[in-house]
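A.B. asks: Supplied structure: work-v2.txt, compact mmCIF, C-alpha atoms.
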# COMPACT_ATOMS: atom_id res chain seq x y z
CA MET A 1 -34.36 -78.12 -35.58
CA GLN A 2 -30.68 -78.70 -34.83
CA GLN A 3 -29.56 -77.48 -31.41
CA ALA A 4 -26.45 -75.32 -31.07
CA ASP A 5 -23.41 -76.93 -29.52
CA LEU A 6 -23.10 -75.00 -26.27
CA SER A 7 -19.77 -76.64 -25.48
CA LYS A 8 -18.03 -74.64 -28.19
CA VAL A 9 -17.74 -70.97 -29.11
CA SER A 10 -16.40 -69.31 -32.24
CA ILE A 11 -14.39 -66.08 -31.96
CA ASP A 12 -12.62 -64.51 -34.93
CA ASN A 13 -13.32 -67.71 -36.91
CA GLN A 14 -11.54 -69.73 -34.24
CA GLU A 15 -13.51 -72.51 -32.52
CA ILE A 16 -12.85 -72.99 -28.81
CA SER A 17 -14.10 -75.84 -26.64
CA ILE A 18 -15.70 -74.52 -23.47
CA PRO A 19 -15.51 -76.54 -20.24
CA GLU A 20 -18.58 -77.07 -18.10
CA ALA A 21 -18.47 -73.98 -15.90
CA LYS A 22 -20.70 -71.05 -15.08
CA LEU A 23 -17.97 -68.54 -15.84
CA VAL A 24 -15.15 -68.85 -18.36
CA TYR A 25 -12.34 -66.39 -19.09
CA LEU A 26 -10.82 -66.11 -22.55
CA GLU A 27 -7.54 -64.48 -23.52
CA LYS A 28 -6.05 -63.61 -26.89
CA GLU A 29 -2.33 -64.44 -27.07
CA ASN A 30 -0.16 -64.29 -30.18
CA GLY A 31 -3.26 -63.88 -32.32
CA ASN A 32 -5.10 -66.92 -30.90
CA TRP A 33 -7.86 -67.20 -28.29
CA LYS A 34 -7.50 -69.60 -25.37
CA ILE A 35 -9.08 -70.45 -22.03
CA SER A 36 -7.49 -68.33 -19.31
CA LYS A 37 -7.56 -67.97 -15.56
CA LYS A 38 -9.42 -65.16 -13.84
CA PRO A 39 -7.51 -61.87 -14.23
CA GLU A 40 -5.83 -60.48 -11.15
CA ALA A 41 -7.53 -57.52 -9.47
CA SER A 42 -4.34 -55.56 -10.11
CA GLU A 43 -5.02 -55.71 -13.86
CA LYS A 44 -7.44 -53.53 -15.77
CA GLY A 45 -11.09 -54.54 -15.57
CA PRO A 46 -14.60 -53.22 -14.93
CA HIS A 47 -13.54 -52.40 -11.37
CA ARG A 48 -10.65 -50.12 -12.45
CA ASN A 49 -9.92 -49.50 -16.10
CA GLY A 50 -8.99 -45.83 -16.65
CA SER A 51 -9.06 -43.40 -18.39
CA PHE A 52 -7.84 -40.27 -16.54
CA LYS A 53 -11.31 -38.97 -15.66
CA ASP A 54 -12.01 -42.25 -13.86
CA ALA A 55 -9.71 -40.98 -11.10
CA PHE A 56 -12.40 -38.51 -10.00
CA ARG A 57 -14.70 -41.09 -8.41
CA ASN A 58 -14.68 -43.41 -5.35
CA ASN A 59 -15.10 -40.46 -2.97
CA VAL A 60 -11.94 -38.85 -4.32
CA VAL A 61 -9.55 -36.83 -2.14
CA PHE A 62 -7.22 -34.09 -3.44
CA VAL A 63 -3.64 -33.95 -2.08
CA TYR A 64 -1.62 -30.82 -2.86
CA ALA A 65 2.13 -30.18 -2.76
CA SER A 66 3.77 -28.18 0.03
CA LYS A 67 7.45 -29.13 -0.27
CA GLY A 68 8.32 -26.98 -3.27
CA SER A 69 9.04 -23.31 -3.82
CA LYS A 70 6.56 -20.66 -2.70
CA ASN A 71 5.20 -20.34 -6.23
CA GLU A 72 4.88 -24.10 -6.64
CA ASN A 73 3.11 -24.57 -3.31
CA GLU A 74 0.67 -21.74 -3.95
CA TRP A 75 -0.06 -22.89 -7.48
CA TYR A 76 -0.78 -26.52 -6.61
CA TYR A 77 -2.88 -25.54 -3.58
CA ASN A 78 -4.94 -23.10 -5.62
CA ARG A 79 -5.20 -25.63 -8.44
CA ALA A 80 -6.62 -28.25 -6.07
CA LYS A 81 -9.13 -25.68 -4.77
CA PHE A 82 -10.03 -24.66 -8.32
CA ASP A 83 -10.74 -28.27 -9.27
CA ALA A 84 -12.72 -28.85 -6.06
CA GLU A 85 -14.88 -25.79 -6.70
CA LYS A 86 -15.50 -26.81 -10.29
CA PHE A 87 -16.35 -30.35 -9.15
CA TYR A 88 -18.76 -28.88 -6.58
CA TYR A 89 -20.44 -26.65 -9.17
CA ARG A 90 -20.72 -29.22 -11.96
CA ALA A 91 -21.19 -32.45 -10.02
CA ASN A 92 -22.75 -31.17 -6.77
CA GLY A 93 -20.05 -33.02 -4.84
CA SER A 94 -17.76 -31.98 -2.00
CA VAL A 95 -14.11 -33.05 -2.17
CA ASP A 96 -11.68 -33.35 0.74
CA ILE A 97 -8.49 -31.32 0.16
CA VAL A 98 -5.46 -32.51 2.15
CA LYS A 99 -1.92 -31.17 2.49
CA ASP A 100 0.70 -33.70 1.35
CA THR A 101 2.44 -33.83 4.74
CA ASP A 102 -0.89 -34.58 6.43
CA PHE A 103 -1.85 -37.35 4.02
CA LYS A 104 -1.87 -40.92 5.34
CA ALA A 105 -3.04 -43.55 2.88
CA SER A 106 -4.55 -45.61 5.70
CA ASP A 107 -6.87 -42.72 6.55
CA PHE A 108 -8.50 -42.95 3.10
CA PRO A 109 -8.91 -46.69 2.33
CA ASP A 110 -10.26 -47.59 -1.13
CA ARG A 111 -10.65 -43.92 -2.03
CA ASN A 112 -9.24 -42.40 -5.19
CA VAL A 113 -6.50 -39.82 -4.70
CA ILE A 114 -5.51 -36.92 -6.95
CA ILE A 115 -1.89 -35.86 -6.50
CA TYR A 116 -1.19 -32.21 -7.35
CA GLY A 117 2.54 -31.80 -7.79
CA ASN A 118 5.52 -33.99 -8.58
CA LYS A 119 7.99 -36.25 -6.80
CA SER A 120 10.17 -33.28 -5.84
CA ASN A 121 7.48 -31.16 -4.19
CA ASN A 122 4.63 -33.47 -3.11
CA ALA A 123 5.51 -35.59 -0.07
CA ALA A 124 2.62 -37.98 -0.78
CA TRP A 125 4.03 -39.03 -4.18
CA ARG A 126 6.21 -41.80 -2.77
CA LYS A 127 3.31 -43.13 -0.69
CA VAL A 128 1.07 -43.89 -3.67
CA LEU A 129 3.19 -43.60 -6.85
CA ASN A 130 6.59 -45.02 -5.95
CA HIS A 131 6.21 -47.95 -8.36
CA ALA A 132 4.38 -46.14 -11.16
CA PRO A 133 5.98 -46.33 -14.65
CA VAL A 134 5.62 -42.55 -14.89
CA GLN A 135 7.84 -40.50 -12.60
CA VAL A 136 7.87 -36.70 -12.65
CA SER A 137 10.29 -34.45 -10.79
CA ASN A 138 11.66 -30.96 -11.27
CA ASN A 139 13.13 -30.61 -14.79
CA GLN A 140 12.53 -34.25 -15.69
CA MET A 141 9.78 -36.65 -16.70
CA GLN A 142 10.27 -40.40 -17.14
CA ILE A 143 7.74 -42.56 -18.97
CA GLY A 144 8.86 -46.16 -18.98
CA GLU A 145 12.43 -46.03 -20.26
CA LYS A 146 12.08 -42.64 -21.97
CA ILE A 147 13.37 -39.57 -20.14
CA ILE A 148 12.42 -36.03 -21.16
CA LYS A 149 14.23 -33.00 -19.77
CA GLY A 150 12.90 -29.47 -19.25
CA GLU A 151 10.79 -27.43 -16.87
CA ASN A 152 8.05 -26.73 -19.43
CA LEU A 153 6.40 -30.17 -19.35
CA GLY A 154 3.06 -31.12 -17.86
CA ALA A 155 1.05 -34.32 -17.63
CA TYR A 156 -2.18 -35.90 -16.47
CA PHE A 157 -2.27 -39.62 -15.74
CA ILE A 158 -3.99 -42.33 -13.73
CA TYR A 159 -2.48 -45.36 -11.98
CA PRO A 160 -3.81 -47.95 -9.50
CA ARG A 161 -3.39 -47.59 -5.75
CA ALA A 162 -1.18 -50.51 -4.74
CA ASP A 163 -2.99 -50.84 -1.40
CA SER A 164 -6.45 -51.18 -2.95
CA GLU A 165 -8.15 -53.47 -5.47
CA ILE A 166 -10.51 -50.74 -6.68
CA ALA A 167 -8.98 -47.30 -6.04
CA SER A 168 -6.81 -45.25 -8.37
CA VAL A 169 -4.40 -42.33 -8.19
CA GLY A 170 -4.85 -39.43 -10.58
CA VAL A 171 -1.98 -36.99 -11.14
CA VAL A 172 -1.89 -33.35 -12.20
CA THR A 173 1.81 -32.67 -12.51
CA ALA A 174 4.55 -30.60 -14.13
CA THR A 175 8.34 -30.41 -14.26
CA GLY A 176 8.54 -26.70 -13.43
CA GLU A 177 6.68 -23.41 -13.42
CA GLU A 178 6.31 -23.28 -17.20
CA GLY A 179 4.86 -26.77 -17.12
CA MET A 180 2.49 -25.80 -14.32
CA TYR A 181 0.99 -23.04 -16.40
CA ALA A 182 0.74 -25.45 -19.34
CA ALA A 183 -1.41 -27.63 -17.07
CA TYR A 184 -3.66 -24.75 -16.04
CA ALA A 185 -6.80 -25.85 -17.89
CA ASN A 186 -8.97 -28.44 -16.15
CA ASP A 187 -11.10 -29.52 -19.10
CA TYR A 188 -11.11 -33.04 -17.69
CA LEU A 189 -13.94 -31.87 -15.40
CA VAL A 190 -16.08 -30.77 -18.35
CA ASN A 191 -18.86 -33.09 -19.47
CA GLY A 192 -18.22 -34.71 -22.83
CA THR A 193 -14.43 -34.42 -22.74
CA PHE A 194 -12.24 -37.50 -22.83
CA PHE A 195 -8.64 -38.07 -21.75
CA PRO A 196 -6.58 -41.27 -22.12
CA ASP A 197 -4.70 -42.91 -19.24
CA ILE A 198 -1.84 -40.46 -19.72
CA MET A 199 -1.39 -37.22 -21.64
CA ILE A 200 1.93 -35.35 -21.87
CA PHE A 201 2.27 -31.79 -23.15
CA ASP A 202 4.47 -28.71 -23.07
CA ASN A 203 3.89 -25.01 -22.53
CA THR A 204 2.93 -24.40 -26.16
CA MET A 205 -0.38 -26.20 -25.67
CA GLY A 206 -2.10 -23.07 -24.31
CA LYS A 207 -1.62 -21.26 -27.63
CA GLU A 208 -1.13 -24.13 -30.08
CA GLY A 209 -3.69 -26.59 -28.75
CA LEU A 210 -3.07 -30.14 -29.93
CA LYS A 211 0.30 -29.14 -31.38
CA GLY A 212 1.54 -28.87 -27.81
CA VAL A 213 0.55 -32.44 -26.95
CA LEU A 214 3.70 -34.55 -26.95
CA GLY A 215 2.25 -37.96 -26.25
CA ALA A 216 -0.90 -39.80 -25.27
CA SER A 217 -1.36 -43.36 -24.13
CA PHE A 218 -3.46 -46.14 -22.73
CA PHE A 219 -1.48 -48.37 -20.41
CA GLY A 220 -1.49 -52.12 -20.98
CA ASN A 221 -3.84 -54.41 -19.10
CA ASP A 222 -1.08 -54.74 -16.49
CA TRP A 223 -0.89 -50.93 -16.24
CA SER A 224 2.54 -50.89 -17.85
CA VAL A 225 3.92 -48.60 -20.55
CA LYS A 226 5.62 -51.56 -22.24
CA ASN A 227 2.37 -53.43 -22.91
CA GLY A 228 0.32 -50.34 -23.67
CA PHE A 229 0.15 -47.98 -26.61
CA LEU A 230 2.02 -44.71 -26.44
CA LYS A 231 1.88 -42.38 -29.41
CA TRP A 232 4.58 -39.71 -29.44
CA LYS A 233 3.86 -36.68 -31.58
CA LYS A 234 6.94 -34.50 -31.40
CA ILE A 235 9.55 -36.19 -29.26
CA GLY A 236 12.31 -37.97 -31.18
CA GLU A 237 13.25 -41.54 -30.38
Mind converting the file's structure to structure tokens?
C.D. replies:
Amino acid sequence: MQQADLSKVSIDNQEISIPEAKLVYLEKENGNWKISKKPEASEKGPHRNGSFKDAFRNNVVFVYASKGSKNENEWYYNRAKFDAEKFYYRANGSVDIVKDTDFKASDFPDRNVIIYGNKSNNAAWRKVLNHAPVQVSNNQMQIGEKIIKGENLGAYFIYPRADSEIASVGVVTATGEEGMYAAYANDYLVNGTFFPDIMIFDNTMGKEGLKGVLGASFFGNDWSVKNGFLKWKKIGE
């Protein structure tokens, strides 16, 4: 019986010579497989890969906005409590809820964080999302190089914590009060539901369902918009 050549492997009809090593990393580039170095911890992997619901693990902490209008502050605070109570009921888990001005990243090492609010009203945004490719403020949302205007937009997304190799930041955000109400449902805490790395919608979603979803995406392996896949449904180029 002829023995298999363990020094070679065939992937997609391409034969690759494997060096003598216990662990080998392969990468597909320009349609061809090649031997690669170990991926950086900052890239996607089993330790931190998305999608949005993955943000609700690693002893997650909720951080709510307090620097906005009275309506904004009350809404984001109550929304964080609503999610915490649903998490408690469905997952039998207790979640810490922290005011944005009291949040210090060093107090919660390697723990996932959920930001409730946007860059304009949540003081913790700049501490954990300053370099994220998605930036949301009052009346504006920027995804990569695309900018969308309006106060009726909402979004959910996940992004790595820069100060941790395993923790992530989840975001429940909106560009204004209409967008906040568009983001009212928290179906991401329901068993069996699935959300990509980022989902963008407007205030028609409550009545129109999927018709109100503007875009959905998985970030690239480097957590960028550029190297990911973003499908826009209604927004013109």
A.B. asks: CA of Gly179 in chain A to CA of Pro133 in chain A: how many Å, to one decimal?
C.D. replies: 19.7 Å
A.B. asks: Please return as a short mmCIF file (atom, residue, chain, number, x, y, z; two decimals) with C-alpha atoms, in the frame of the given file every residue within 10 Å of (-11.1, -63.6, -18.7), taking into account all atoms listed in the file and the file's own coordinates.
C.D. replies:
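Writing done, so here's point00.cif:
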data_model
loop_
_atom_site.label_atom_id
_atom_site.label_comp_id
_atom_site.auth_asym_id
_atom_site.auth_seq_id
_atom_site.Cartn_x
_atom_site.Cartn_y
_atom_site.Cartn_z
CA LEU A 23 -17.97 -68.54 -15.84
CA VAL A 24 -15.15 -68.85 -18.36
CA TYR A 25 -12.34 -66.39 -19.09
CA LEU A 26 -10.82 -66.11 -22.55
CA GLU A 27 -7.54 -64.48 -23.52
CA LYS A 28 -6.05 -63.61 -26.89
CA LYS A 34 -7.50 -69.60 -25.37
CA ILE A 35 -9.08 -70.45 -22.03
CA SER A 36 -7.49 -68.33 -19.31
CA LYS A 37 -7.56 -67.97 -15.56
CA LYS A 38 -9.42 -65.16 -13.84
CA PRO A 39 -7.51 -61.87 -14.23
CA GLU A 40 -5.83 -60.48 -11.15
CA GLY A 45 -11.09 -54.54 -15.57
#
A.B. asks: Between CA of Asp222 in chain A and CA of Arg161 in chain A, what distance in Å does the model show, to one decimal?
C.D. replies: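 Interatomic distance, CA of Asp222 in chain A to CA of Arg161 in chain A: 13.1 Å.
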A.B. asks: If you measure from CA of His47 in chain A to CA of Asp163 in chain A, what distance in Å do you get, rounded to one decimal?
C.D. replies: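 Going from CA of His47 in chain A over to CA of Asp163 in chain A covers 14.6 Å.
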A.B. asks: Env of Ile166 in chain A: 12 Å cut, atoms = all atoms listed in the file, seq-sep filter 3 positions within chain, self excluded. Answer as a ChimeraX atom specification.
C.D. replies: /A:40-50,54-55,57-59,109-113,159-163,169
A.B. asks: Edge lengths and centre, in Å to one decimal, as JSON: that's what I need for the box along x, y and z that holds all listed atoms of range 136-153 of chain A plus 5 Å on each side.
C.D. replies:
{"center_x": 10.3, "center_y": -36.4, "center_z": -16.4, "size_x": 17.8, "size_y": 29.4, "size_z": 21.2}
A.B. asks: Find the residue from A:Asn221, A:Asn186, A:Gln14, A:Ser7 that sits nearest to Glu85 in chain A; use all atoms listed in the file when measuring.
C.D. replies: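 That would be A:Asn186, the residue with the smallest distance to Glu85 in chain A.
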A.B. asks: Once you count all atoms listed in the file, which residues end up no further than 9 Å from (1.0, -24.4, -22.6) in the file's frame, shown as a ChimeraX atom specification?
C.D. replies: /A:152-154,178-184,201-209,212
A.B. asks: Give the answer as one residue: which of A:Gly150, A:Pro19, A:Gly144, A:Gly220 has the shortest atom-to-atom distance to Glu177 in chain A, using all atoms listed in the file?
C.D. replies: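 Closest candidate: A:Gly150.
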